[in-house]
Amino acid sequence: MLNFNDTPFIDHHCHPYDPKYAVLEPSSLAHEFFHGRGDIPDPKVAKSRFWGATDALKYHFPFMGVVQTLVRQLSKVLDCPPELDAIARARNRLTSKSFAEYIAFLYKDAGIIATVLDSGLPINDPLLDLMPGKKLRLFQFEPPLQKFLKTAGSYRELLKNFQESLTHAVKKDGFIGVKVHLAEQVGFGVLPVREDEAAAVFAEAKTGDAPSYKKLYTAVFTAILLQCQELDVPVHLHSGFTGGMWNGPIHDADPFLLGPFLKHNEFLKTKIVLLHAGYPWTKQAGQMAHGFPHVWVDMGQMTPWASLGIADCYRDIMAWAPLSKIVVGSGGHGTPEIAWLSAKTAKIALAEVLGDAVRLGLMAENDAEKTGRMILHENAARLYGLG
C-alpha cells in the first residue's frame, strides 16, 4: 500500500499568515474555508467574500466537505474529539501560547518544507517570519501596473518601469515567478497585444476606460511573457475558479481559451503554471499541460477545497498531464490549517489514485511511489532550481 505521509511537501501557492487569526471561534475557523459571498453587505469592505454572515448562512459552514475533512484530520493531530468545537478549543489553547509555534507544529506534522509565497508585503516584513521553511516569493503583476500607469507619461515609459521593477525583483531580491490575474482582469480568450496598439490606447486607459485598460493590460502581459523567458522564471495564472464566481468573468477562465494565445511560437519557452488546476475545468487543464510544452498545472485551492471529491479531481489532471509537470499548492491564507490540510489531503489523494493505478496494472509500484514524491516535492524543486 502506498503511503506518502513522510514525503516532504512544497506548498506551491500560499499567502501570509496574520496574528489576528490566532484565536478563532468554531464558526470563524469554518468560515476560513468558505469561498462564497457574505450575506451582510458592507460598503466599507470591497470584497464580498469578507462581508458579514447571518446566522442562517453560518449554519452551513460546518457542513462543507472541506470542513468535515478538517475536523477529522485535525482531531487526530490535536488528540481531541472529531468535532468542530473541540478542534477549535484545542487549537486555540496552543495558539494562545504561541501562534508561531502552532504554525511550526502543523508544518512539521504535514512535512511542509517550502512555500511559494504570493504577497505584496516587503521582503523583510516580520509577518513573513510566521511561515516556517524556505519562502519563494512571487512578483505580483497588478500592483506595479496600476502604480506605473498613474505615474508614466507614455506606454513605453510604463513598460520600461514595469520591466525594470520585475528584473530587480528577480535578480536582486530572488523572486521566482510572476503572478497574474489575466482571467479576472481580461479573460483567457484574448490574443497578444503589441506595443503600438497599447500606445494608441494609453491615454484612455489612464482615464480608467475599461476596454482601453484591458488592451493595455494584455500588452504588458504579452511583453512580460517574453521577459520571463530571459529571466527564466515562470508565469503563474489563476485559472478556473479564482476565489468566487462573481470575481471576474468566470466563463472566460477555462484553460482551453488560452490555446490561441499560447500557441504563438514566441511564447513556447515561457513556462506557464495554471493555478487552481482550472477547476472545475480540470480535464482541460490536464490536456493543456499535455499539449503545450510550456504549460504546468498547480492543483492548489482545488486542494484542499475539493475535499470529498479530491481523488477524482486528481485523476482528471493525472490522466493527461505529464506527471512531471504537476505541482500542489494550497491557496492558504490567514490561518495555517489550510496549508496543513492541503498537504494532508494531497498525500491521501495521491495514495488513492496511484494505488489504484498499481492495482489495475497501469503503473509499476516503483513508478507510482516516484510519482507521488515528484508531485509533492520534486517537480516544484526542479521548477525553481532548489536542488
# chains A, B, ... in the order shown; residues from 1 in each chain; ligands from 1
>>> select_by_dssp(residues="range 199-387 of chain A", states="alpha helix (DSSP H)", output="ChimeraX atom specification")
/A:199-206,210-231,259-262,282-291,302-305,310-320,337-359,365-373,379-383
>>> residues_around(residues="Asn379 in chain A", least_positions_apart="5", cutoff="9 Å", atoms="only C-alpha atoms", output="list in words")
Leu323, Ser324, Lys325, Ile326, Val327, Arg373, Met374 and Tyr384 of chain A
>>> write_last_selection(atoms="N, CA and C atoms", output="mmCIF file, in the first residue's frame")
data_model
loop_
_atom_site.group_PDB
_atom_site.id
_atom_site.type_symbol
_atom_site.label_atom_id
_atom_site.label_comp_id
_atom_site.auth_asym_id
_atom_site.auth_seq_id
_atom_site.Cartn_x
_atom_site.Cartn_y
_atom_site.Cartn_z
ATOM 1 N N LEU A 323 3.200 13.707 -15.627
ATOM 2 C CA LEU A 323 3.265 13.683 -14.168
ATOM 3 C C LEU A 323 4.418 14.521 -13.634
ATOM 4 N N SER A 324 5.339 14.841 -14.501
ATOM 5 C CA SER A 324 6.493 15.672 -14.147
ATOM 6 C C SER A 324 6.180 17.160 -14.222
ATOM 7 N N LYS A 325 4.958 17.515 -14.649
ATOM 8 C CA LYS A 325 4.574 18.925 -14.748
ATOM 9 C C LYS A 325 3.388 19.249 -13.841
ATOM 10 N N ILE A 326 3.237 18.494 -12.766
ATOM 11 C CA ILE A 326 2.151 18.714 -11.808
ATOM 12 C C ILE A 326 2.751 19.085 -10.463
ATOM 13 N N VAL A 327 2.223 20.149 -9.861
ATOM 14 C CA VAL A 327 2.643 20.568 -8.521
ATOM 15 C C VAL A 327 1.380 20.795 -7.689
ATOM 16 N N ARG A 373 6.240 11.309 -4.964
ATOM 17 C CA ARG A 373 7.303 12.207 -4.478
ATOM 18 C C ARG A 373 7.501 13.381 -5.425
ATOM 19 N N MET A 374 7.400 13.111 -6.724
ATOM 20 C CA MET A 374 7.567 14.179 -7.708
ATOM 21 C C MET A 374 6.502 15.266 -7.540
ATOM 22 N N TYR A 384 12.043 25.377 -9.693
ATOM 23 C CA TYR A 384 12.664 26.566 -9.106
ATOM 24 C C TYR A 384 14.135 26.364 -8.744
#
>>> residues_around(residues="Phe33 in chain A", least_positions_apart="4", cutoff="8 Å", atoms="only C-alpha atoms", output="PyMOL selection string")
chain A and resi 29+66-67+305+338
>>> closest_residue(among="A:Gly208, A:Phe221, A:Asn92, A:Ile87", to="Gln140 in chain A", atoms="only C-alpha atoms")
A:Phe221
>>> residues_around(residues="Phe61 in chain A", least_positions_apart="4", cutoff="10 Å", atoms="only C-alpha atoms", output="JSON, numbers by chain")
{"A": [26, 27, 28, 29, 30, 31, 32, 33, 34, 56, 57, 65, 66, 67, 68]}
>>> residues_around(residues="Glu266 in chain A", least_positions_apart="6", cutoff="10 Å", atoms="only C-alpha atoms", output="ChimeraX atom specification")
/A:225-226,229
>>> atom_distance(atom1="CA of Lys150 in chain A", atom2="CA of Glu204 in chain A")
12.1 Å
>>> select_by_dssp(residues="range 146-336 of chain A", states="strand (DSSP E or B)", output="VMD selection string")
chain A and resid 177 to 180 235 to 238 272 to 275 295 to 298 300 to 301 326 to 327 332 to 334
>>> closest_residue(among="A:Met318, A:Ala253, A:Leu268, A:Leu106", to="Ala368 in chain A", atoms="only C-alpha atoms")
A:Met318
>>> residues_around(residues="Glu337 in chain A", least_positions_apart="4", cutoff="9 Å", atoms="only C-alpha atoms", output="MDAnalysis selection string")
chainID A and resid 70 74 103 106 332 341:342
>>> write_last_selection(atoms="C-alpha atoms", output="CSV table (one decimal), in the first residue's frame")
chain,number,residue,atom,x,y,z
A,70,LEU,CA,-10.5,19.5,8.6
A,74,LEU,CA,-7.1,17.9,12.9
A,103,ILE,CA,2.2,27.0,12.8
A,106,LEU,CA,1.4,21.9,11.8
A,332,GLY,CA,-3.8,29.2,2.0
A,341,LEU,CA,-4.8,20.3,5.2
A,342,SER,CA,-3.6,20.7,1.7
>>> residues_around(residues="Met131 in chain A", least_positions_apart="4", cutoff="8 Å", atoms="only C-alpha atoms", output="count of residues only")
6
